[in-house]
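Next up, final13.tsv (TSV, C-alpha atoms):
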```
chain	number	residue	atom	x	y	z
B	29	MET	CA	-15.43	-0.41	-16.60
B	30	PRO	CA	-11.73	-1.15	-16.50
B	31	HIS	CA	-9.91	-1.49	-13.23
B	32	GLY	CA	-6.34	-0.98	-12.07
B	33	ASP	CA	-3.38	-1.48	-14.30
B	34	GLY	CA	-3.26	-4.27	-16.84
B	35	MET	CA	-4.22	-6.98	-14.40
B	36	SER	CA	-7.88	-7.37	-15.14
B	37	LYS	CA	-7.63	-6.54	-18.81
B	38	ARG	CA	-7.10	-10.13	-19.75
B	39	ILE	CA	-7.94	-13.22	-17.84
B	40	GLU	CA	-5.51	-15.53	-19.59
B	41	MET	CA	-3.98	-17.53	-16.79
B	42	SER	CA	-0.50	-17.17	-18.17
B	43	ALA	CA	-0.25	-13.50	-17.15
B	44	TYR	CA	-0.01	-15.07	-13.73
B	45	GLN	CA	3.21	-16.76	-14.77
B	46	VAL	CA	4.74	-13.39	-15.72
B	47	ASN	CA	3.70	-11.95	-12.36
B	48	LYS	CA	5.17	-15.00	-10.65
B	49	ILE	CA	8.48	-14.51	-12.44
B	50	CYS	CA	8.59	-10.87	-11.24
B	51	HIS	CA	7.77	-12.00	-7.71
B	52	LEU	CA	10.46	-14.70	-7.70
B	53	ILE	CA	13.10	-12.23	-8.88
B	54	LEU	CA	12.63	-10.51	-5.52
B	55	HIS	CA	12.03	-13.54	-3.33
B	56	ASP	CA	14.28	-16.26	-4.77
B	57	LYS	CA	17.93	-15.23	-5.04
B	58	VAL	CA	18.93	-18.27	-7.09
B	59	PHE	CA	16.23	-17.50	-9.63
B	60	ARG	CA	17.22	-13.82	-9.55
B	61	ALA	CA	20.80	-14.71	-10.45
B	62	ALA	CA	19.55	-16.97	-13.24
B	63	MET	CA	17.45	-14.12	-14.65
B	64	GLN	CA	20.42	-11.76	-14.43
B	65	GLU	CA	22.50	-14.30	-16.29
B	66	ASP	CA	20.15	-15.43	-19.07
B	67	VAL	CA	16.43	-14.71	-19.16
B	68	GLU	CA	15.69	-17.15	-21.98
B	69	SER	CA	17.02	-20.15	-20.03
B	70	ALA	CA	15.65	-18.98	-16.69
B	71	VAL	CA	12.05	-18.79	-17.93
B	72	VAL	CA	11.99	-22.25	-19.56
B	73	PRO	CA	10.11	-23.90	-16.62
B	74	PHE	CA	7.22	-21.41	-16.78
B	75	GLU	CA	4.03	-21.89	-18.77
B	76	LEU	CA	4.27	-18.78	-20.92
B	77	ASN	CA	2.71	-18.10	-24.27
B	78	ASP	CA	4.97	-17.06	-27.16
B	79	GLU	CA	4.19	-13.36	-26.82
B	80	GLU	CA	5.01	-13.34	-23.13
B	81	ARG	CA	8.21	-15.31	-23.55
B	82	ALA	CA	9.42	-13.02	-26.34
B	83	ALA	CA	8.56	-9.88	-24.36
B	84	LEU	CA	10.35	-11.22	-21.28
B	85	ILE	CA	13.48	-12.08	-23.25
B	86	ARG	CA	13.73	-8.64	-24.81
B	87	GLY	CA	12.80	-6.83	-21.58
B	88	ASP	CA	9.75	-5.30	-23.22
B	89	VAL	CA	8.02	-4.27	-20.01
B	90	ALA	CA	5.44	-2.14	-21.85
B	91	LYS	CA	4.32	-5.19	-23.80
B	92	LEU	CA	4.12	-7.20	-20.59
B	93	VAL	CA	1.80	-4.59	-19.07
B	94	ASP	CA	-0.25	-4.75	-22.24
B	95	LEU	CA	-0.43	-8.53	-21.85
B	96	GLY	CA	-1.83	-8.17	-18.35
B	97	ALA	CA	1.20	-8.20	-16.04
B	98	ALA	CA	1.08	-6.03	-12.92
B	99	SER	CA	3.24	-2.96	-13.51
B	100	PHE	CA	4.06	-2.74	-9.81
B	101	LEU	CA	5.68	-6.18	-9.97
B	102	LEU	CA	7.63	-5.39	-13.14
B	103	MET	CA	9.74	-2.97	-11.11
B	104	THR	CA	11.82	-5.95	-10.01
B	105	PHE	CA	13.35	-5.89	-13.53
B	106	PRO	CA	15.13	-2.53	-13.22
B	107	ARG	CA	15.67	-3.00	-9.49
B	108	PHE	CA	17.85	-6.03	-10.13
B	109	GLY	CA	19.09	-5.11	-13.59
B	110	ILE	CA	17.22	-7.87	-15.40
B	111	CYS	CA	17.48	-7.54	-19.22
B	112	GLY	CA	19.93	-4.70	-18.60
B	113	LEU	CA	17.09	-2.41	-17.54
B	114	THR	CA	17.79	0.65	-15.42
B	115	PHE	CA	15.11	2.76	-13.74
B	116	LYS	CA	15.62	5.32	-16.50
B	117	SER	CA	15.20	2.89	-19.39
B	118	TYR	CA	12.33	1.15	-17.59
B	119	ASN	CA	10.61	4.49	-17.11
B	120	GLU	CA	10.93	5.32	-20.82
B	121	LYS	CA	9.71	1.93	-21.96
B	122	ILE	CA	6.69	1.72	-19.68
B	123	ARG	CA	5.64	5.29	-20.35
B	124	SER	CA	5.52	4.55	-24.07
B	125	ILE	CA	2.04	3.11	-23.49
B	126	ALA	CA	0.85	5.95	-21.28
B	127	ASP	CA	-1.42	7.07	-24.12
B	128	GLN	CA	-3.33	3.80	-24.01
B	129	GLU	CA	-3.59	4.19	-20.26
B	130	HIS	CA	-4.87	7.70	-20.80
B	131	ARG	CA	-7.66	6.41	-22.99
B	132	ARG	CA	-8.40	3.62	-20.57
B	133	TYR	CA	-8.86	5.85	-17.55
B	134	GLY	CA	-10.41	8.91	-19.14
B	135	SER	CA	-9.11	12.41	-19.51
B	136	THR	CA	-6.52	12.94	-16.82
B	137	PRO	CA	-3.54	15.29	-16.88
B	138	TYR	CA	-1.20	12.49	-15.93
B	139	LYS	CA	1.83	14.16	-17.45
B	140	SER	CA	2.77	16.37	-14.57
B	141	ALA	CA	4.74	19.58	-15.07
B	142	GLN	CA	7.44	18.41	-12.68
F	257	MET	CA	-12.72	-1.22	28.56
F	258	ALA	CA	-10.56	-0.72	25.52
F	259	GLU	CA	-10.90	2.67	23.86
F	260	ILE	CA	-9.66	4.25	20.67
F	261	VAL	CA	-7.62	7.32	21.56
F	262	ALA	CA	-6.10	8.52	18.31
F	263	ALA	CA	-5.53	7.76	14.65
F	264	PHE	CA	-2.67	8.44	12.28
F	265	GLY	CA	-2.15	8.19	8.55
F	266	VAL	CA	1.27	8.11	6.92
F	267	PRO	CA	2.89	7.02	3.65
F	268	HIS	CA	5.27	4.07	3.38
F	269	THR	CA	7.57	5.10	0.53
F	270	PRO	CA	10.39	2.52	0.67
F	271	ALA	CA	13.10	5.08	-0.09
F	272	PHE	CA	12.27	7.22	2.95
F	273	PRO	CA	14.29	5.46	5.69
F	274	GLU	CA	17.47	5.74	3.65
F	275	HIS	CA	16.64	9.28	2.52
F	276	VAL	CA	15.98	10.47	6.06
F	277	LEU	CA	19.16	8.83	7.34
F	278	ALA	CA	21.19	10.74	4.75
F	279	ASN	CA	19.19	13.97	5.15
F	280	PRO	CA	18.08	14.24	8.77
F	281	ASN	CA	16.51	17.66	8.23
F	282	CYS	CA	14.50	16.79	5.14
F	283	ILE	CA	10.78	17.45	4.98
F	284	GLU	CA	9.91	13.75	5.30
F	285	ALA	CA	11.89	13.57	8.56
F	286	LYS	CA	9.91	16.52	9.90
F	287	LEU	CA	6.51	15.22	8.79
F	288	PHE	CA	7.06	11.78	10.29
F	289	ALA	CA	8.45	13.35	13.47
F	290	GLU	CA	5.33	15.48	13.79
F	291	VAL	CA	3.03	12.46	13.50
F	292	ALA	CA	5.28	10.49	15.87
F	293	LYS	CA	5.03	13.30	18.43
F	294	HIS	CA	1.24	13.01	18.42
F	295	LEU	CA	1.44	9.24	18.70
F	296	GLU	CA	3.83	9.43	21.63
F	297	ALA	CA	1.57	11.93	23.39
F	298	VAL	CA	-1.43	9.59	23.46
F	299	LYS	CA	0.58	6.66	24.89
F	300	PRO	CA	-1.17	3.83	23.08
F	301	ASP	CA	-0.99	0.26	24.39
F	302	VAL	CA	-1.66	-1.20	20.97
F	303	ILE	CA	-1.74	-0.04	17.35
F	304	VAL	CA	-4.28	-1.36	14.87
F	305	ILE	CA	-2.71	-0.92	11.45
F	306	PHE	CA	-4.55	-0.98	8.12
F	307	ASP	CA	-2.13	-1.93	5.39
F	308	SER	CA	-1.97	-3.01	1.77
F	309	ASP	CA	0.70	-5.63	1.29
F	310	HIS	CA	2.74	-5.27	-1.92
F	311	PHE	CA	2.76	-8.90	-3.13
F	312	ASN	CA	5.23	-9.86	-0.39
F	313	THR	CA	3.25	-11.18	2.57
F	314	PHE	CA	0.68	-12.52	0.12
F	315	PHE	CA	0.96	-13.26	-3.58
F	316	LEU	CA	-1.47	-14.03	-6.38
F	317	ASP	CA	-1.33	-17.74	-5.53
F	318	ASN	CA	-3.34	-16.95	-2.41
F	319	LEU	CA	-4.54	-13.37	-2.20
F	320	PRO	CA	-6.97	-12.24	0.51
F	321	THR	CA	-9.21	-9.21	0.13
F	322	PHE	CA	-9.17	-8.78	3.91
F	323	ALA	CA	-6.78	-10.62	6.23
F	324	ILE	CA	-5.74	-10.34	9.85
F	325	GLY	CA	-2.52	-11.51	11.47
F	326	VAL	CA	-3.19	-13.52	14.64
F	327	THR	CA	0.09	-14.50	16.25
F	328	ASP	CA	2.48	-12.99	18.79
F	329	LYS	CA	5.10	-11.49	16.50
F	330	THR	CA	6.17	-10.78	12.95
F	331	LYS	CA	9.29	-9.46	11.27
F	332	GLY	CA	10.59	-7.79	8.16
F	333	PRO	CA	10.99	-6.13	5.80
F	334	ASN	CA	10.76	-9.21	3.59
F	335	ASP	CA	11.19	-7.23	0.37
F	336	GLU	CA	14.83	-6.11	0.70
F	337	THR	CA	13.87	-2.53	1.46
F	338	ASN	CA	16.98	-0.63	2.48
F	339	MET	CA	16.20	-0.19	6.16
F	340	PRO	CA	16.84	-2.02	9.44
F	341	THR	CA	15.28	-5.43	10.02
F	342	TYR	CA	12.76	-5.44	12.84
F	343	GLN	CA	10.81	-7.88	14.93
F	344	VAL	CA	7.39	-6.47	15.80
F	345	PRO	CA	5.16	-7.71	18.64
F	346	ILE	CA	1.53	-8.44	17.86
F	347	ASN	CA	-1.27	-8.33	20.42
F	348	GLU	CA	-2.47	-11.81	19.65
F	349	THR	CA	-5.49	-11.88	21.96
F	350	LEU	CA	-6.88	-8.61	20.61
F	351	ALA	CA	-6.15	-9.72	17.04
F	352	LEU	CA	-8.03	-12.97	17.68
F	353	HIS	CA	-10.96	-11.02	19.16
F	354	VAL	CA	-11.13	-8.70	16.12
F	355	HIS	CA	-10.93	-11.75	13.86
F	356	LYS	CA	-13.82	-13.47	15.64
F	357	HIS	CA	-15.93	-10.32	15.84
F	358	GLY	CA	-15.33	-9.76	12.13
F	359	ILE	CA	-16.41	-13.27	11.17
F	360	VAL	CA	-19.57	-13.26	13.29
F	361	THR	CA	-20.63	-9.84	11.99
F	362	GLY	CA	-20.05	-10.62	8.32
F	363	PHE	CA	-16.42	-9.71	7.64
F	364	ASP	CA	-14.88	-12.86	6.21
F	365	PHE	CA	-11.27	-12.22	7.13
F	366	SER	CA	-8.57	-14.54	5.95
F	367	LEU	CA	-6.42	-15.64	8.84
F	368	THR	CA	-2.64	-15.72	8.89
F	369	GLN	CA	-0.74	-17.07	11.89
F	370	GLU	CA	2.77	-17.03	10.44
F	371	PHE	CA	3.92	-14.28	8.13
F	372	GLU	CA	6.51	-11.61	7.50
F	373	ILE	CA	5.75	-8.03	6.55
F	374	ASP	CA	7.12	-5.70	3.91
F	375	HIS	CA	7.99	-1.99	3.81
F	376	SER	CA	4.31	-1.02	3.80
F	377	ILE	CA	4.05	-1.73	7.53
F	378	LEU	CA	7.68	-1.30	8.53
F	379	VAL	CA	8.35	2.13	7.01
F	380	PRO	CA	5.54	3.66	9.10
F	381	LEU	CA	6.67	1.82	12.26
F	382	HIS	CA	10.34	2.66	11.63
F	383	PHE	CA	9.41	6.34	11.93
F	384	LEU	CA	6.55	6.17	14.44
F	385	THR	CA	7.64	3.48	16.93
F	386	PRO	CA	11.29	2.69	16.16
F	387	LEU	CA	11.70	0.80	19.45
F	388	MET	CA	8.99	-1.61	18.26
F	389	ASN	CA	7.69	-1.68	21.82
F	390	ILE	CA	4.00	-1.19	21.03
F	391	PRO	CA	2.24	-4.33	19.83
F	392	ILE	CA	0.26	-4.11	16.63
F	393	VAL	CA	-2.84	-5.74	15.18
F	394	PRO	CA	-2.16	-5.96	11.44
F	395	ILE	CA	-5.17	-5.83	9.13
F	396	PHE	CA	-4.46	-6.33	5.45
F	397	ILE	CA	-6.66	-4.85	2.73
F	398	ASN	CA	-6.12	-5.63	-0.93
F	399	GLY	CA	-5.33	-2.21	-2.36
F	400	LEU	CA	-3.25	-3.31	-5.33
F	401	VAL	CA	-4.98	-6.09	-7.25
F	402	PRO	CA	-8.27	-5.21	-8.93
F	403	PRO	CA	-11.07	-5.77	-8.23
F	404	LEU	CA	-10.47	-3.91	-4.97
F	405	PRO	CA	-12.96	-3.99	-2.12
F	406	ALA	CA	-15.45	-1.11	-2.29
F	407	ALA	CA	-14.69	2.05	-0.33
F	408	ARG	CA	-17.91	1.68	1.66
F	409	ARG	CA	-17.00	-1.89	2.53
F	410	CYS	CA	-13.65	-0.72	3.88
F	411	PHE	CA	-15.36	2.06	5.83
F	412	SER	CA	-17.65	-0.61	7.35
F	413	LEU	CA	-14.58	-2.70	8.15
F	414	GLY	CA	-13.29	0.22	10.21
F	415	LYS	CA	-16.65	0.50	11.99
F	416	MET	CA	-16.59	-3.22	12.75
F	417	VAL	CA	-13.07	-2.98	14.23
F	418	LYS	CA	-14.24	-0.03	16.33
F	419	GLU	CA	-17.15	-2.13	17.67
F	420	ALA	CA	-14.80	-5.01	18.41
F	421	ILE	CA	-12.56	-2.73	20.44
F	422	ALA	CA	-15.51	-1.30	22.36
F	423	LEU	CA	-16.43	-4.89	23.33
F	424	TRP	CA	-12.95	-5.72	24.61
F	425	PRO	CA	-13.12	-5.91	28.43
F	426	GLU	CA	-9.48	-5.12	29.21
F	427	ASP	CA	-8.45	-1.49	29.78
F	428	MET	CA	-6.42	-0.59	26.76
F	429	ARG	CA	-5.56	2.55	24.79
F	430	VAL	CA	-5.83	1.81	21.09
F	431	ALA	CA	-4.31	3.88	18.31
F	432	VAL	CA	-5.03	3.32	14.62
F	433	VAL	CA	-2.57	3.72	11.78
F	434	ALA	CA	-3.39	3.79	8.07
F	435	SER	CA	-0.44	3.10	5.79
F	436	GLY	CA	-0.19	4.28	2.22
F	437	SER	CA	-0.38	6.94	-0.43
F	438	TRP	CA	-3.56	8.75	-1.45
F	439	ALA	CA	-3.13	8.70	-5.22
F	440	LEU	CA	-0.05	7.22	-6.83
F	441	GLU	CA	1.33	5.31	-9.80
F	442	ALA	CA	4.38	3.24	-8.81
F	443	GLY	CA	6.28	1.80	-11.76
F	444	GLY	CA	3.32	1.95	-14.15
F	445	PRO	CA	2.78	3.66	-17.51
F	446	ARG	CA	1.48	6.88	-15.96
F	447	MET	CA	4.55	7.71	-13.90
F	448	HIS	CA	6.46	10.94	-14.47
F	449	ALA	CA	9.25	11.07	-17.04
F	450	GLY	CA	12.80	10.75	-15.74
F	451	GLU	CA	14.72	8.42	-13.52
F	452	GLY	CA	12.05	8.24	-10.85
F	453	ILE	CA	9.48	5.48	-10.97
F	454	PHE	CA	6.35	7.14	-9.70
F	455	GLY	CA	3.74	9.65	-10.76
F	456	VAL	CA	0.52	11.26	-9.64
F	457	PRO	CA	-1.75	10.67	-12.63
F	458	ASP	CA	-4.80	12.44	-11.21
F	459	PRO	CA	-3.78	15.53	-9.22
F	460	GLU	CA	-7.39	16.74	-9.10
F	461	TRP	CA	-8.36	13.60	-7.22
F	462	PHE	CA	-5.51	14.19	-4.80
F	463	LYS	CA	-6.78	17.71	-4.09
F	464	ARG	CA	-10.27	16.39	-3.58
F	465	ILE	CA	-9.06	13.81	-1.04
F	466	MET	CA	-7.21	16.58	0.75
F	467	ARG	CA	-10.38	18.68	0.95
F	468	HIS	CA	-12.52	15.82	2.21
F	469	MET	CA	-9.95	14.73	4.81
F	470	GLU	CA	-9.52	18.26	6.06
F	471	LYS	CA	-13.24	18.87	6.47
F	472	ALA	CA	-14.17	15.33	7.50
F	473	GLU	CA	-16.49	15.08	4.48
F	474	ILE	CA	-16.70	11.33	4.76
F	475	GLU	CA	-19.85	10.76	2.74
F	476	GLU	CA	-18.46	12.80	-0.16
F	477	LEU	CA	-15.21	10.83	-0.05
F	478	LEU	CA	-17.01	7.47	0.01
F	479	GLU	CA	-19.28	8.54	-2.83
F	480	SER	CA	-16.41	9.63	-5.05
F	481	ALA	CA	-13.92	6.82	-4.25
F	482	THR	CA	-15.34	4.47	-6.88
F	483	SER	CA	-13.31	1.57	-8.26
F	484	HIS	CA	-12.84	3.55	-11.48
F	485	GLN	CA	-11.61	6.60	-9.58
F	486	LEU	CA	-9.14	4.54	-7.55
F	487	ALA	CA	-7.83	2.96	-10.77
F	488	LYS	CA	-7.51	6.40	-12.37
F	489	ALA	CA	-5.57	7.54	-9.30
F	490	GLY	CA	-2.76	5.11	-10.14
F	491	ASN	CA	-1.76	1.46	-9.84
F	492	VAL	CA	-1.51	1.81	-6.06
F	493	GLY	CA	-4.43	4.27	-5.82
F	494	GLY	CA	-6.24	1.62	-3.75
F	495	GLU	CA	-3.99	2.33	-0.78
F	496	LEU	CA	-6.49	5.07	0.01
F	497	LEU	CA	-8.72	2.23	1.24
F	498	ASN	CA	-6.49	1.94	4.33
F	499	TRP	CA	-7.24	5.57	5.13
F	500	ILE	CA	-10.93	5.03	4.44
F	501	SER	CA	-10.97	2.07	6.87
F	502	LEU	CA	-9.34	4.33	9.46
F	503	LEU	CA	-12.08	6.91	8.89
F	504	GLY	CA	-14.61	4.17	9.67
F	505	MET	CA	-13.12	4.02	13.17
F	506	LEU	CA	-13.29	7.79	13.67
F	507	GLY	CA	-16.64	9.09	12.64
F	508	PRO	CA	-16.80	12.67	11.32
F	509	ARG	CA	-13.77	14.04	13.08
F	510	ARG	CA	-11.31	16.54	11.67
F	511	PRO	CA	-7.57	15.93	11.94
F	512	VAL	CA	-5.46	17.93	14.41
F	513	PHE	CA	-2.58	17.64	11.97
F	514	LEU	CA	-2.71	17.30	8.19
F	515	GLU	CA	0.09	17.89	5.70
F	516	THR	CA	0.54	16.66	2.17
F	517	GLN	CA	3.20	16.19	-0.45
F	518	ALA	CA	0.98	16.61	-3.50
F	519	GLU	CA	3.82	16.02	-5.97
F	520	LEU	CA	4.37	12.61	-4.36
F	521	GLY	CA	0.69	11.77	-3.83
F	522	LEU	CA	1.18	11.49	-0.08
F	523	GLY	CA	-0.60	12.62	3.07
F	524	TYR	CA	0.35	12.72	6.77
F	525	ALA	CA	-2.34	13.10	9.40
F	526	ALA	CA	-3.16	12.79	13.08
F	527	TRP	CA	-6.56	12.65	14.76
F	528	ARG	CA	-6.67	13.01	18.53
F	529	TRP	CA	-9.53	12.86	20.95
F	530	ASP	CA	-7.75	14.86	23.64
F	531	VAL	CA	-6.82	17.85	21.47
F	532	LYS	CA	-9.19	20.38	19.97
F	533	GLU	CA	-9.59	20.05	16.20
F	534	ASN	CA	-8.04	22.70	13.95
```

Now, as a test, write the supplied structure out as structure tokens.
Amino acid sequence: MPHGDGMSKRIEMSAYQVNKICHLILHDKVFRAAMQEDVESAVVPFELNDEERAALIRGDVAKLVDLGAASFLLMTFPRFGICGLTFKSYNEKIRSIADQEHRRYGSTPYKSAQ
Amino acid sequence: MAEIVAAFGVPHTPAFPEHVLANPNCIEAKLFAEVAKHLEAVKPDVIVIFDSDHFNTFFLDNLPTFAIGVTDKTKGPNDETNMPTYQVPINETLALHVHKHGIVTGFDFSLTQEFEIDHSILVPLHFLTPLMNIPIVPIFINGLVPPLPAARRCFSLGKMVKEAIALWPEDMRVAVVASGSWALEAGGPRMHAGEGIFGVPDPEWFKRIMRHMEKAEIEELLESATSHQLAKAGNVGGELLNWISLLGMLGPRRPVFLETQAELGLGYAAWRWDVKEN
């Protein structure tokens, strides 16, 4: 039975590195500025696989969830404008995989009328 | 002898302090004020708070399922939430007692003696005890990173804390606060469309929680709050475990105050021993 968001979907250790990057954006202002400036250079020190690195560089937050990153942590991207993301564009991107989530969690009317 | 005199459950939405400051008559201001009024009336000496940290006090490098803060003070928010910075006193001797009682009775708490706290504790305290003059005992429950502790385990945690308090020799009025939403997706794929970053993916579950809380149907709530159901409820659906731990300290008691914001996945409640149940 699946649990939570993407976190337990894969146990590849490198998803941890993506989560750590999200965490550091909030907690390390020097790293935050580096991410705002140039993601590709800022993520060089992290042990990422090619898929993760590519998704980070293009701000593909839906792909990062799919790869096992915690969606809650990914909110630091729009919050601090990383990869040019706004809350609106972040919302659109992440929701693009809502269908997979729907299948994962069973039949739930998650698209509210509001 | 220490005694539990009341319990309160509130959300910790990080936007609320700013929102209430700009809109002093908004519904959130009223709901928090109502809970605060009940809290003030029971004059607690200490507040035990069940909370799910949001990757700020703890991170995945060292993530406890259950932890307790045993020190004399903490501060925050440490997550740049737009609200005042506070220092909060902790009742260190009671926290140490709960820690010890937990360990000897089978609750393997992690211990933290130096830590800061995020919005998930400070938003509730900002509204409930803005003077920060009532010491807390912070108990952290992993509600965000699956696998979550089982609902029944959290309920037992509450019962254990209740026992610990009953064993405390000092006269002390103890209030309990549960922090968190009931059923919510924050920043995940199942949020609502638009510029907001939240959603309530399983409104039926929300209604069911409401019913069980209202009628004190604890067994039904514990039975239905499976790990799959909490995951379906949203990526922070595990925050309900804080409320379930609180229920473990209450027994089958109905709230004297209960309001919800279903569209936001949030509940506000007060249980009092000195006031007749609704």

Exercise. Residues at most 9 Å from Pro394 of chain F, counting only C-alpha atoms, excluding those fewer than 4 positions away in the same chain, as a list of chain:residue names?
Worked result: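 Everything that qualifies: F:Ile303, F:Val304, F:Ile305, F:Phe306, F:Asp307, F:Ala323, F:Ile324, F:Gly325, F:Val326, F:Ile346, F:Ala351, F:Ile377.
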
Write out, as a PDB file, in the frame of the given file, the residues just selected, with C-alpha atoms.
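Saved the output as part03.pdb:
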```
ATOM      1  CA  ILE F 303      -1.740  -0.040  17.350  1.00  0.00           C
ATOM      2  CA  VAL F 304      -4.280  -1.360  14.870  1.00  0.00           C
ATOM      3  CA  ILE F 305      -2.710  -0.920  11.450  1.00  0.00           C
ATOM      4  CA  PHE F 306      -4.550  -0.980   8.120  1.00  0.00           C
ATOM      5  CA  ASP F 307      -2.130  -1.930   5.390  1.00  0.00           C
ATOM      6  CA  ALA F 323      -6.780 -10.620   6.230  1.00  0.00           C
ATOM      7  CA  ILE F 324      -5.740 -10.340   9.850  1.00  0.00           C
ATOM      8  CA  GLY F 325      -2.520 -11.510  11.470  1.00  0.00           C
ATOM      9  CA  VAL F 326      -3.190 -13.520  14.640  1.00  0.00           C
ATOM     10  CA  ILE F 346       1.530  -8.440  17.860  1.00  0.00           C
ATOM     11  CA  ALA F 351      -6.150  -9.720  17.040  1.00  0.00           C
ATOM     12  CA  ILE F 377       4.050  -1.730   7.530  1.00  0.00           C
TER      13      ILE F 377
END
```

Mind checking which residues fall within 9 Å of Glu479 of chain F, counting only C-alpha atoms, ignoring those fewer than 5 positions away in the same chain, and posting them as a PDB file with C-alpha atoms, in the coordinates of the input?
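Output below, filename out-v4.pdb:
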```pdb
ATOM      1  CA  ALA F 407     -14.690   2.050  -0.330  1.00  0.00           C
ATOM      2  CA  ARG F 408     -17.910   1.680   1.660  1.00  0.00           C
ATOM      3  CA  ILE F 474     -16.700  11.330   4.760  1.00  0.00           C
TER       4      ILE F 474
END
```

For this session: Tell me the residues of chain F close to chain B, meaning within 10 Å using all atoms listed in the file, as an MDAnalysis selection string.
Result: chainID F and resid 310:312 315:317 334:336 399:404 441:461 483:494 519

For this session: Write out as a list in words the residues lying within 6 Å of segment 289-300 of chain F, counting all atoms listed in the file and excluding same-chain residues fewer than 6 positions away.
Result: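 Here the qualifying residues turn out to be Leu384, Arg429, Val430 and Ala431 of chain F.
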
For this session: Quote the spacing between atom CA of Glu426 of chain F and atom CA of Thr368 of chain F in Å to one decimal place.
Result: 23.9 Å

Exercise. For the atom pair atom CA of Asp374 of chain F and atom CA of Met339 of chain F, what is the interatomic distance in Å to one decimal place?
Worked result: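 Computing the Euclidean distance for atom CA of Asp374 of chain F and atom CA of Met339 of chain F yields 10.9 Å.
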
Exercise. Got a sec: who's within 10 Å of Arg86 of chain B, counting only C-alpha atoms, leaving out chain neighbours fewer than 4 positions off, as a list in words?
Worked result: Val67, Glu68, Arg81, Ala82, Cys111 and Gly112 of chain B

For this session: Find the residue from F:Gly521, F:Met416, F:Ser308, F:Thr337 that sits nearest to Val360 of chain F; use all atoms listed in the file when measuring.
Result: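 Closest candidate: F:Met416.
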
For this session: Can you work out which one of B:Leu92, B:Met63, B:Val58, B:Asp78 has the shortest atom-to-atom distance to Val46 of chain B, counting all atoms listed in the file?
Result: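 Looking only at the distances to Val46 of chain B, the closest residue turns out to be B:Leu92.
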
For this session: Select, from F:His375, F:His355, F:His382, F:Arg510, the residue with the minimum atom-to-atom distance to Glu473 of chain F, counting only C-alpha atoms.
Result: F:Arg510

Problem set entry | Straight-line distance linking atom CA of Arg509 of chain F with atom CA of Ala472 of chain F, stated in Å to one decimal | 5.7 Å

For this session: Go through F:Val266, F:Ile421, F:Leu478, F:Val433 and flag the residue nearest Phe288 of chain F, using all atoms listed in the file for the distances.
Result: F:Val266

Exercise. Smallest atom-to-atom distance to Lys471 of chain F: which of F:Ile373, F:Ile283, F:Leu514, F:Leu522, using all atoms listed in the file?
Worked result: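 Smallest distance to Lys471 of chain F is found for F:Leu514.
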
Exercise. Could you pull the residues within 12 Å of Glu475 of chain F, counting all atoms listed in the file, minus those fewer than 6 positions along the same chain, as a list in words?
Worked result: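 The filter keeps Ala407, Arg408, Phe411, Ile465, His468, Met469, Ala481, Ile500, Leu503, Gly504, Gly507 and Pro508 of chain F.
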